[in-house]
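Chemist: The file below is structure_26.json, JSON, C-alpha atoms:
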[["chain", "number", "residue", "atom", "x", "y", "z"],
["A", 1, "MET", "CA", -39.93, 5.33, 41.39],
["A", 2, "LYS", "CA", -41.40, 2.32, 43.15],
["A", 3, "PRO", "CA", -40.23, -0.91, 44.76],
["A", 4, "ILE", "CA", -39.41, -3.51, 42.10],
["A", 5, "ILE", "CA", -42.33, -5.85, 41.66],
["A", 6, "LYS", "CA", -42.08, -9.42, 40.40],
["A", 7, "SER", "CA", -45.03, -9.16, 38.05],
["A", 8, "LEU", "CA", -44.25, -7.41, 34.78],
["A", 9, "LEU", "CA", -46.65, -4.88, 33.40],
["A", 10, "ALA", "CA", -47.08, -3.67, 29.84],
["A", 11, "ILE", "CA", -49.21, -0.96, 28.29],
["A", 12, "SER", "CA", -49.75, 0.52, 24.88],
["A", 13, "VAL", "CA", -48.54, 4.10, 24.70],
["A", 14, "LEU", "CA", -50.25, 6.42, 22.25],
["A", 15, "ALA", "CA", -47.64, 8.88, 21.06],
["A", 16, "THR", "CA", -46.06, 10.38, 18.00],
["A", 17, "THR", "CA", -42.32, 10.23, 17.48],
["A", 18, "VAL", "CA", -39.91, 13.15, 17.18],
["A", 19, "ASN", "CA", -36.57, 13.29, 15.39],
["A", 20, "ALA", "CA", -33.66, 11.09, 16.44],
["A", 21, "GLN", "CA", -30.85, 12.31, 18.67],
["A", 22, "SER", "CA", -27.42, 11.13, 19.76],
["A", 23, "ASN", "CA", -27.39, 8.95, 22.90],
["A", 24, "PHE", "CA", -24.63, 7.70, 25.17],
["A", 25, "THR", "CA", -24.46, 6.09, 28.60],
["A", 26, "LEU", "CA", -22.33, 6.60, 31.70],
["A", 27, "LYS", "CA", -21.49, 3.66, 33.95],
["A", 28, "GLY", "CA", -19.89, 3.20, 37.36],
["A", 29, "PHE", "CA", -23.01, 3.40, 39.54],
["A", 30, "ASN", "CA", -25.24, 1.00, 41.48],
["A", 31, "HIS", "CA", -28.85, 2.14, 41.16],
["A", 32, "ILE", "CA", -29.14, 5.82, 40.23],
["A", 33, "GLU", "CA", -32.55, 7.33, 41.01],
["A", 34, "SER", "CA", -32.15, 11.08, 40.57],
["A", 35, "VAL", "CA", -29.87, 13.76, 39.13],
["A", 36, "ALA", "CA", -29.50, 17.50, 39.69],
["A", 37, "SER", "CA", -27.13, 20.23, 38.53],
["A", 38, "ASP", "CA", -26.01, 23.65, 39.70],
["A", 39, "GLY", "CA", -24.71, 24.48, 36.21],
["A", 40, "LYS", "CA", -21.14, 23.64, 37.22],
["A", 41, "TYR", "CA", -21.48, 20.00, 38.24],
["A", 42, "ILE", "CA", -23.94, 17.14, 38.05],
["A", 43, "TYR", "CA", -24.98, 15.29, 41.19],
["A", 44, "ALA", "CA", -26.50, 11.80, 41.14],
["A", 45, "ALA", "CA", -28.31, 9.99, 43.95],
["A", 46, "ASP", "CA", -27.60, 6.27, 44.15],
["A", 47, "ILE", "CA", -29.78, 4.12, 46.42],
["A", 48, "GLY", "CA", -27.01, 1.56, 46.88],
["A", 49, "LYS", "CA", -25.90, -1.93, 45.94],
["A", 50, "GLU", "CA", -29.29, -3.56, 46.43],
["A", 51, "LEU", "CA", -32.32, -2.38, 44.50],
["A", 52, "ASN", "CA", -34.25, -1.84, 47.71],
["A", 53, "PRO", "CA", -35.44, 1.76, 47.99],
["A", 54, "THR", "CA", -36.71, 1.48, 51.56],
["A", 55, "ALA", "CA", -33.79, -0.34, 53.18],
["A", 56, "LYS", "CA", -31.95, 1.56, 55.90],
["A", 57, "ASP", "CA", -28.66, -0.09, 55.03],
["A", 58, "GLY", "CA", -26.39, 2.96, 55.03],
["A", 59, "ASP", "CA", -24.92, 2.36, 51.57],
["A", 60, "GLY", "CA", -26.59, 5.21, 49.66],
["A", 61, "LYS", "CA", -24.35, 7.65, 47.82],
["A", 62, "ILE", "CA", -24.28, 11.01, 46.12],
["A", 63, "PHE", "CA", -21.94, 11.10, 43.13],
["A", 64, "LYS", "CA", -20.44, 14.36, 41.89],
["A", 65, "LEU", "CA", -19.66, 14.56, 38.16],
["A", 66, "ASP", "CA", -18.38, 17.21, 35.80],
["A", 67, "LEU", "CA", -20.66, 18.41, 33.00],
["A", 68, "LYS", "CA", -19.14, 15.87, 30.62],
["A", 69, "GLY", "CA", -20.16, 13.02, 32.90],
["A", 70, "LYS", "CA", -16.81, 12.17, 34.48],
["A", 71, "ILE", "CA", -17.11, 11.07, 38.11],
["A", 72, "ILE", "CA", -15.18, 13.50, 40.33],
["A", 73, "ASP", "CA", -16.26, 12.26, 43.74],
["A", 74, "SER", "CA", -18.15, 9.03, 44.46],
["A", 75, "THR", "CA", -18.52, 9.86, 48.17],
["A", 76, "PHE", "CA", -19.70, 13.47, 48.00],
["A", 77, "SER", "CA", -22.11, 13.17, 50.93],
["A", 78, "LYS", "CA", -20.33, 13.16, 54.25],
["A", 79, "GLU", "CA", -23.61, 12.16, 55.88],
["A", 80, "THR", "CA", -24.47, 8.46, 55.89],
["A", 81, "LEU", "CA", -27.39, 7.93, 53.52],
["A", 82, "ASN", "CA", -29.63, 4.88, 53.19],
["A", 83, "ALA", "CA", -31.54, 5.03, 49.91],
["A", 84, "PRO", "CA", -31.37, 8.59, 48.55],
["A", 85, "LYS", "CA", -33.87, 9.32, 45.81],
["A", 86, "GLY", "CA", -34.99, 12.79, 44.73],
["A", 87, "ILE", "CA", -32.39, 15.56, 44.91],
["A", 88, "THR", "CA", -32.45, 19.25, 44.05],
["A", 89, "ILE", "CA", -30.22, 22.29, 44.61],
["A", 90, "SER", "CA", -31.07, 25.72, 45.96],
["A", 91, "ASN", "CA", -28.94, 28.50, 47.46],
["A", 92, "GLY", "CA", -25.87, 26.38, 48.01],
["A", 93, "VAL", "CA", -27.80, 23.46, 49.50],
["A", 94, "LEU", "CA", -28.30, 20.00, 48.03],
["A", 95, "PHE", "CA", -31.58, 18.59, 49.34],
["A", 96, "VAL", "CA", -31.93, 14.81, 49.48],
["A", 97, "ALA", "CA", -35.02, 12.65, 50.00],
["A", 98, "ASP", "CA", -33.78, 9.69, 52.07],
["A", 99, "ILE", "CA", -36.63, 7.26, 52.89],
["A", 100, "ASP", "CA", -38.26, 9.13, 55.80],
["A", 101, "ARG", "CA", -36.20, 12.30, 56.13],
["A", 102, "LEU", "CA", -35.18, 15.34, 54.14],
["A", 103, "VAL", "CA", -31.43, 15.90, 54.36],
["A", 104, "ALA", "CA", -29.77, 19.24, 53.59],
["A", 105, "LEU", "CA", -26.12, 19.04, 52.47],
["A", 106, "ASP", "CA", -23.66, 21.87, 51.93],
["A", 107, "ILE", "CA", -23.01, 21.89, 48.19],
["A", 108, "LYS", "CA", -19.37, 22.86, 48.73],
["A", 109, "THR", "CA", -18.41, 20.31, 51.35],
["A", 110, "GLY", "CA", -21.05, 17.58, 51.27],
["A", 111, "LYS", "CA", -21.51, 17.95, 55.03],
["A", 112, "LYS", "CA", -24.96, 17.79, 56.58],
["A", 113, "LEU", "CA", -26.44, 21.15, 57.51],
["A", 114, "TYR", "CA", -29.63, 19.74, 59.00],
["A", 115, "GLU", "CA", -32.32, 17.14, 58.45],
["A", 116, "ILE", "CA", -36.09, 17.10, 58.77],
["A", 117, "PRO", "CA", -37.51, 13.74, 59.91],
["A", 118, "PHE", "CA", -40.98, 12.70, 58.76],
["A", 119, "THR", "CA", -42.76, 11.04, 61.64],
["A", 120, "ASP", "CA", -46.10, 9.98, 60.16],
["A", 121, "GLY", "CA", -45.10, 6.57, 58.84],
["A", 122, "VAL", "CA", -43.66, 7.70, 55.50],
["A", 123, "SER", "CA", -41.08, 5.31, 54.06],
["A", 124, "PHE", "CA", -40.79, 6.46, 50.46],
["A", 125, "LEU", "CA", -40.03, 10.15, 50.19],
["A", 126, "ASN", "CA", -39.27, 10.70, 46.54],
["A", 127, "ASP", "CA", -39.05, 13.79, 44.33],
["A", 128, "ILE", "CA", -38.36, 17.37, 45.47],
["A", 129, "THR", "CA", -39.07, 20.73, 43.89],
["A", 130, "ILE", "CA", -38.08, 24.19, 45.15],
["A", 131, "VAL", "CA", -40.57, 27.06, 45.38],
["A", 132, "ASP", "CA", -38.39, 29.75, 46.98],
["A", 133, "LYS", "CA", -35.72, 30.19, 49.66],
["A", 134, "THR", "CA", -38.03, 29.01, 52.41],
["A", 135, "THR", "CA", -40.34, 26.51, 50.73],
["A", 136, "LEU", "CA", -40.16, 23.20, 48.89],
["A", 137, "TYR", "CA", -42.52, 20.35, 48.06],
["A", 138, "ILE", "CA", -41.66, 16.68, 48.41],
["A", 139, "SER", "CA", -43.63, 13.62, 47.33],
["A", 140, "ALA", "CA", -44.27, 10.47, 49.35],
["A", 141, "THR", "CA", -44.94, 7.69, 46.86],
["A", 142, "ASP", "CA", -45.98, 5.11, 49.45],
["A", 143, "LYS", "CA", -48.62, 7.44, 50.89],
["A", 144, "SER", "CA", -49.72, 9.05, 47.58],
["A", 145, "LYS", "CA", -49.12, 12.40, 49.24],
["A", 146, "ILE", "CA", -47.36, 15.70, 48.66],
["A", 147, "TYR", "CA", -45.85, 17.63, 51.54],
["A", 148, "LYS", "CA", -45.06, 21.32, 51.78],
["A", 149, "VAL", "CA", -41.90, 21.98, 53.80],
["A", 150, "ASN", "CA", -41.04, 25.25, 55.52],
["A", 151, "LEU", "CA", -37.24, 25.36, 55.48],
["A", 152, "THR", "CA", -37.12, 28.08, 58.11],
["A", 153, "THR", "CA", -39.25, 26.40, 60.76],
["A", 154, "LYS", "CA", -38.39, 22.85, 59.60],
["A", 155, "ILE", "CA", -42.11, 22.04, 59.74],
["A", 156, "TYR", "CA", -43.98, 20.16, 57.01],
["A", 157, "SER", "CA", -47.67, 19.86, 56.19],
["A", 158, "GLU", "CA", -49.69, 17.83, 53.71],
["A", 159, "LEU", "CA", -50.87, 19.48, 50.50],
["A", 160, "THR", "CA", -54.46, 18.32, 50.22],
["A", 161, "THR", "CA", -55.84, 18.26, 46.68],
["A", 162, "ASP", "CA", -59.37, 17.67, 45.40],
["A", 163, "LYS", "CA", -58.29, 14.49, 43.59],
["A", 164, "SER", "CA", -56.00, 11.66, 44.64],
["A", 165, "ILE", "CA", -52.78, 11.19, 42.66],
["A", 166, "PHE", "CA", -51.93, 7.56, 43.29],
["A", 167, "GLY", "CA", -48.27, 6.74, 43.73],
["A", 168, "THR", "CA", -47.36, 10.44, 43.73],
["A", 169, "ASN", "CA", -43.88, 10.80, 42.32],
["A", 170, "GLY", "CA", -42.42, 13.53, 40.09],
["A", 171, "LEU", "CA", -42.80, 17.20, 41.06],
["A", 172, "PHE", "CA", -41.94, 20.41, 39.22],
["A", 173, "PHE", "CA", -42.96, 23.89, 40.41],
["A", 174, "ASP", "CA", -43.61, 26.50, 37.72],
["A", 175, "LYS", "CA", -43.47, 29.98, 39.23],
["A", 176, "ASN", "CA", -44.97, 31.67, 36.16],
["A", 177, "SER", "CA", -48.27, 29.82, 36.48],
["A", 178, "ASN", "CA", -48.10, 29.04, 40.23],
["A", 179, "ARG", "CA", -48.68, 25.42, 39.28],
["A", 180, "LEU", "CA", -47.18, 22.35, 40.86],
["A", 181, "TYR", "CA", -46.83, 19.82, 38.07],
["A", 182, "VAL", "CA", -47.04, 16.26, 39.32],
["A", 183, "ASN", "CA", -47.26, 12.70, 38.10],
["A", 184, "GLY", "CA", -47.92, 9.34, 39.71],
["A", 185, "MET", "CA", -46.79, 5.75, 39.47],
["A", 186, "GLY", "CA", -50.37, 4.53, 39.81],
["A", 187, "SER", "CA", -51.97, 2.02, 42.17],
["A", 188, "ASP", "CA", -52.47, -1.72, 42.64],
["A", 189, "ASN", "CA", -49.30, -2.44, 40.66],
["A", 190, "LYS", "CA", -50.98, -1.29, 37.48],
["A", 191, "ALA", "CA", -49.84, 1.21, 34.86],
["A", 192, "ASN", "CA", -52.58, 3.67, 35.76],
["A", 193, "GLY", "CA", -50.52, 6.67, 36.84],
["A", 194, "ILE", "CA", -51.48, 10.12, 35.58],
["A", 195, "VAL", "CA", -49.81, 13.44, 34.73],
["A", 196, "GLY", "CA", -51.19, 16.87, 35.59],
["A", 197, "TYR", "CA", -50.85, 19.91, 37.81],
["A", 198, "VAL", "CA", -52.09, 21.36, 41.06],
["A", 199, "ASP", "CA", -53.22, 24.99, 40.91],
["A", 200, "LEU", "CA", -51.71, 26.27, 44.15],
["A", 201, "SER", "CA", -54.27, 29.07, 44.41],
["A", 202, "ASN", "CA", -57.03, 26.55, 45.13],
["A", 203, "ASN", "CA", -55.25, 23.15, 45.33],
["A", 204, "LYS", "CA", -57.31, 21.71, 42.48],
["A", 205, "PHE", "CA", -55.74, 19.03, 40.31],
["A", 206, "THR", "CA", -56.08, 18.99, 36.52],
["A", 207, "GLN", "CA", -55.02, 15.99, 34.47],
["A", 208, "LEU", "CA", -53.07, 16.60, 31.27],
["A", 209, "ALA", "CA", -53.61, 14.54, 28.12],
["A", 210, "THR", "CA", -55.16, 11.08, 28.24],
["A", 211, "ILE", "CA", -52.09, 8.94, 28.81],
["A", 212, "GLU", "CA", -51.57, 6.50, 31.65],
["A", 213, "GLY", "CA", -48.38, 4.80, 32.71],
["A", 214, "ILE", "CA", -45.87, 4.21, 35.48],
["A", 215, "PHE", "CA", -44.63, 7.79, 35.65],
["A", 216, "ASP", "CA", -41.51, 8.91, 37.49],
["A", 217, "GLY", "CA", -39.51, 12.04, 36.63],
["A", 218, "ILE", "CA", -41.01, 15.31, 35.39],
["A", 219, "TRP", "CA", -39.52, 18.49, 33.90],
["A", 220, "ILE", "CA", -40.74, 21.56, 32.02],
["A", 221, "SER", "CA", -38.77, 23.25, 29.24],
["A", 222, "ASN", "CA", -39.92, 25.60, 26.47],
["A", 223, "ASN", "CA", -43.61, 25.27, 27.39],
["A", 224, "THR", "CA", -43.35, 21.50, 27.15],
["A", 225, "LEU", "CA", -43.72, 19.00, 29.94],
["A", 226, "TYR", "CA", -41.44, 15.98, 29.81],
["A", 227, "THR", "CA", -42.09, 12.88, 31.87],
["A", 228, "SER", "CA", -40.40, 9.50, 32.23],
["A", 229, "ASN", "CA", -42.63, 6.45, 31.95],
["A", 230, "TRP", "CA", -41.40, 3.02, 33.06],
["A", 231, "VAL", "CA", -44.17, 1.40, 30.94],
["A", 232, "ALA", "CA", -43.33, -1.89, 32.70],
["A", 233, "PHE", "CA", -40.93, -3.10, 35.37],
["A", 234, "GLU", "CA", -38.41, -4.15, 32.75],
["A", 235, "LYS", "CA", -36.45, -2.46, 29.99],
["A", 236, "LYS", "CA", -39.38, -0.78, 28.26],
["A", 237, "GLY", "CA", -39.18, 2.78, 29.60],
["A", 238, "ILE", "CA", -39.66, 5.92, 27.53],
["A", 239, "ILE", "CA", -39.61, 9.72, 27.80],
["A", 240, "GLN", "CA", -42.81, 11.43, 26.72],
["A", 241, "SER", "CA", -43.61, 15.08, 26.18],
["A", 242, "ILE", "CA", -46.83, 17.04, 26.44],
["A", 243, "ASP", "CA", -47.20, 20.38, 24.67],
["A", 244, "LEU", "CA", -48.71, 22.64, 27.34],
["A", 245, "LYS", "CA", -50.49, 24.73, 24.72],
["A", 246, "THR", "CA", -52.06, 21.97, 22.64],
["A", 247, "ASN", "CA", -51.95, 18.97, 25.03],
["A", 248, "LYS", "CA", -50.35, 16.98, 22.21],
["A", 249, "VAL", "CA", -48.36, 13.96, 23.36],
["A", 250, "SER", "CA", -45.08, 12.93, 21.73],
["A", 251, "GLN", "CA", -42.36, 10.43, 22.47],
["A", 252, "VAL", "CA", -38.69, 11.32, 22.56],
["A", 253, "LYS", "CA", -36.98, 8.86, 20.26],
["A", 254, "THR", "CA", -34.03, 6.97, 21.73],
["A", 255, "ASN", "CA", -31.73, 4.20, 20.59],
["A", 256, "GLU", "CA", -33.44, 1.71, 22.87],
["A", 257, "PRO", "CA", -35.92, 1.65, 25.77],
["A", 258, "PHE", "CA", -34.85, 2.59, 29.30],
["A", 259, "ALA", "CA", -34.57, 0.22, 32.25],
["A", 260, "GLY", "CA", -36.50, 2.20, 34.86],
["A", 261, "PRO", "CA", -36.17, 5.87, 33.79],
["A", 262, "ALA", "CA", -36.28, 7.85, 37.03],
["A", 263, "ASP", "CA", -35.84, 11.52, 38.04],
["A", 264, "PHE", "CA", -34.12, 13.08, 35.02],
["A", 265, "ILE", "CA", -33.10, 16.67, 34.30],
["A", 266, "ILE", "CA", -32.83, 18.77, 31.16],
["A", 267, "LEU", "CA", -29.51, 20.61, 31.00],
["A", 268, "LYS", "CA", -29.14, 22.89, 27.99],
["A", 269, "ASN", "CA", -29.74, 20.60, 24.99],
["A", 270, "GLN", "CA", -29.44, 17.33, 26.89],
["A", 271, "ILE", "CA", -31.77, 15.06, 28.81],
["A", 272, "ILE", "CA", -29.88, 13.19, 31.53],
["A", 273, "VAL", "CA", -31.83, 10.07, 32.47],
["A", 274, "PRO", "CA", -31.03, 7.70, 35.37],
["A", 275, "GLU", "CA", -31.81, 4.11, 34.42],
["A", 276, "MET", "CA", -32.36, 2.93, 37.94],
["A", 277, "MET", "CA", -32.73, -0.79, 37.28],
["A", 278, "ILE", "CA", -29.30, -1.16, 35.66],
["A", 279, "GLY", "CA", -27.39, 1.71, 37.26],
["A", 280, "VAL", "CA", -26.43, 3.88, 34.31],
["A", 281, "LEU", "CA", -27.01, 7.46, 33.24],
["A", 282, "THR", "CA", -28.15, 7.89, 29.66],
["A", 283, "ILE", "CA", -27.64, 11.28, 28.03],
["A", 284, "ILE", "CA", -29.82, 12.26, 25.08],
["A", 285, "SER", "CA", -28.41, 15.17, 23.08],
["A", 286, "ASN", "CA", -30.18, 17.48, 20.62],
["A", 287, "PHE", "CA", -33.62, 16.21, 21.43]]
Could you write out this file's structure as structure tokens?

Modeler:
Amino acid sequence: MKPIIKSLLAISVLATTVNAQSNFTLKGFNHIESVASDGKYIYAADIGKELNPTAKDGDGKIFKLDLKGKIIDSTFSKETLNAPKGITISNGVLFVADIDRLVALDIKTGKKLYEIPFTDGVSFLNDITIVDKTTLYISATDKSKIYKVNLTTKIYSELTTDKSIFGTNGLFFDKNSNRLYVNGMGSDNKANGIVGYVDLSNNKFTQLATIEGIFDGIWISNNTLYTSNWVAFEKKGIIQSIDLKTNKVSQVKTNEPFAGPADFIILKNQIIVPEMMIGVLTIISNF
């Protein structure tokens, strides 16, 4: 996701439409940016009362919900957070991207285990994806960079690719192909973001399909890549899919467009989408 911009953008999206599903929304949040699940609960990162993703105002939250969407704990994190965005879970740890630091929280207690500060001027750490017990990748949208983090040494390094991915945002590691799938918001406030993958054996980037947009979340399920596309900085967002065998692009049909679809997850037969601009979670069933 990206700072809200006054100018409104619009693009034409070339896509086919799939069958309709049931949709419902969950309220009670401020500005949800990301969701994650350990299979028992859902966790949601809320950047706070103001839609300012780089403000160190201390009002960020992590919500804990049951699998039906009921809020169990609205103050799960015992660590003060500013504007938490991407979150993911691994080995009993909830990792949080919070502006310029990676925070590790105990999934049982919400207490901080440790943090890794980023000291090279980053102010927009965004999505996170786990590789293994000792490694994760995290995007920095403001720098159009991807960082590799060693969780043992607490040292990070830049993943240098052969092609720039402007406004780097969503990340998803696929262990079967050793690919790091990635998308971007684009540059110059234009809907020119791309979707593709980095082959981690040689760090070369390959673009998928021929679509452009303001891309945010990314997920892979059943050999299909799903990505959220803001389309414009207003209620025009969509979820698109790319068949990884045929490169065919489709659009997940919903009751209405999304207001800033951010870092979603797919949980069983549901897509759980944070609509960051209006602070709701929309759940699409039987997609």

Chemist: For a test of reading the model, state the distance in Å between CA of Lys85 (chain A) and CA of Lys61 (chain A), rounded to one decimal.

Modeler: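 Going from CA of Lys85 (chain A) over to CA of Lys61 (chain A), I get 9.9 Å.
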
Chemist: Can you pull out every residue within 12 Å of region 200-209 of chain A, counting only C-alpha atoms, but drop anything in the same chain fewer than 6 positions away, and send it as a PyMOL selection string?

Modeler: chain A and resi 14-15+131+137+146+148+158-165+173-184+193-194+224-227+240-250

Chemist: Here is a test: counting all atoms listed in the file, which residue of A:Ser228, A:Ser22, A:Ser221, A:Asn82 is nearest to Ala45 (chain A)?

Modeler: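 That would be A:Asn82, the residue with the smallest distance to Ala45 (chain A).
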
Chemist: Counting only C-alpha atoms, which residues come within 7 Å of (-35.0, 28.4, 49.7), with the point read in the file's coordinates, and could you list them as a PyMOL selection string?

Modeler: chain A and resi 90-91+130+132-135+151

Chemist: Counting all atoms listed in the file, which residues have an atom no more than 10 Å from (-31.6, 20.5, 48.4) in the file's coordinates? Please list them as a list in words.

Modeler: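 Those residues, ordered by chain and then number, are Ala36, Gly86, Ile87, Thr88, Ile89, Ser90, Asn91, Gly92, Val93, Leu94, Phe95, Val96, Ala97, Leu102, Val103, Ala104, Leu105, Asp106, Ile107, Ile128, Thr129, Ile130 and Leu136 of chain A.
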
Chemist: One number please: CA of Tyr43 (chain A) to CA of Leu65 (chain A), in Å, one decimal.

Modeler: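 Atom-to-atom, CA of Tyr43 (chain A) to CA of Leu65 (chain A), that is 6.2 Å.
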
Chemist: State, in Å with one decimal place, the distance from CA of Gly58 (chain A) to CA of Thr75 (chain A).

Modeler: 12.5 Å

Chemist: Using only C-alpha atoms, can you tell me which of A:Asn126, A:Thr141, A:Ser37, A:Asn255 comes closest to Leu267 (chain A)?

Modeler: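 The closest residue to Leu267 (chain A) is A:Ser37.
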
Chemist: For Thr168 (chain A), which residue among A:Phe233, A:Phe287, A:Tyr147, A:Phe118 is the nearest when counting all atoms listed in the file?

Modeler: A:Tyr147

Chemist: Can you list, as a compact mmCIF listing (two decimals) with C-alpha atoms, in the frame of the given file, every protein, DNA or RNA residue that comes within 12 Å of Pro117 (chain A) when you count all atoms listed in the file, leaving out same-chain residues fewer than 4 positions away?

Modeler:
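Contents of out-v8.txt, freshly written:
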# COMPACT_ATOMS: atom_id res chain seq x y z
CA VAL A 96 -31.93 14.81 49.48
CA ALA A 97 -35.02 12.65 50.00
CA ASP A 98 -33.78 9.69 52.07
CA ILE A 99 -36.63 7.26 52.89
CA ASP A 100 -38.26 9.13 55.80
CA ARG A 101 -36.20 12.30 56.13
CA LEU A 102 -35.18 15.34 54.14
CA VAL A 103 -31.43 15.90 54.36
CA ALA A 104 -29.77 19.24 53.59
CA GLY A 121 -45.10 6.57 58.84
CA VAL A 122 -43.66 7.70 55.50
CA SER A 123 -41.08 5.31 54.06
CA LEU A 125 -40.03 10.15 50.19
CA VAL A 149 -41.90 21.98 53.80
CA LYS A 154 -38.39 22.85 59.60
CA ILE A 155 -42.11 22.04 59.74
CA TYR A 156 -43.98 20.16 57.01

Chemist: Could you give me, as a PyMOL selection string, the residues within 7 Å of Asp66 (chain A), counting all atoms listed in the file and dropping anything in the same chain fewer than 5 positions from it?

Modeler: chain A and resi 41-42+71-72

Chemist: What does the file look like for those residues with C-alpha atoms, as a JSON list (two decimals), in the coordinates of the input?

Modeler:
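Produced file out16.json, reproduced below:
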[["chain", "number", "residue", "atom", "x", "y", "z"],
["A", 41, "TYR", "CA", -21.48, 20.00, 38.24],
["A", 42, "ILE", "CA", -23.94, 17.14, 38.05],
["A", 71, "ILE", "CA", -17.11, 11.07, 38.11],
["A", 72, "ILE", "CA", -15.18, 13.50, 40.33]]

Chemist: Which is closest to Asn30 (chain A) among A:Tyr197, A:Tyr114, A:Phe63, A:Phe215, if we use only C-alpha atoms?

Modeler: A:Phe63

Chemist: Restricting the calculation to all atoms listed in the file, which member of A:Phe166, A:Gly217, A:Asp127, A:Lys112 is positioned closest to Lys145 (chain A)?

Modeler: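 Of A:Phe166, A:Gly217, A:Asp127, A:Lys112, the one nearest Lys145 (chain A), counting all atoms listed in the file, is A:Phe166.
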
Chemist: With a distance cut-off of 12 Å and only C-alpha atoms, select the neighbouring residues of Ser285 (chain A), excluding the residue or stretch itself and same-chain residues fewer than 4 positions from it, and output the selection as a list in words.

Modeler: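 With the cut-off at 12 Å, the set is Asn19, Ala20, Gln21, Ser22, Asn23, Phe24, Thr25, Lys68, Val252, Lys253, Thr254, Asn255, Ile266, Leu267, Lys268, Asn269, Gln270, Ile271, Ile272 and Val273 of chain A.
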
Chemist: When you count all atoms listed in the file, which of these residues is closest to Asn229 (chain A): A:Glu33, A:Glu212, A:Asp120, A:Asp73?

Modeler: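 Of the candidates, the smallest distance to Asn229 (chain A) is held by A:Glu212.
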
Chemist: Report as a VMD selection string all protein, DNA and RNA residues lying within 10 Å of Val280 (chain A), evaluated on only C-alpha atoms, omitting residues in the same chain fewer than 6 positions from it.

Modeler: chain A and resid 25 to 33 258 to 259 261 273 to 274
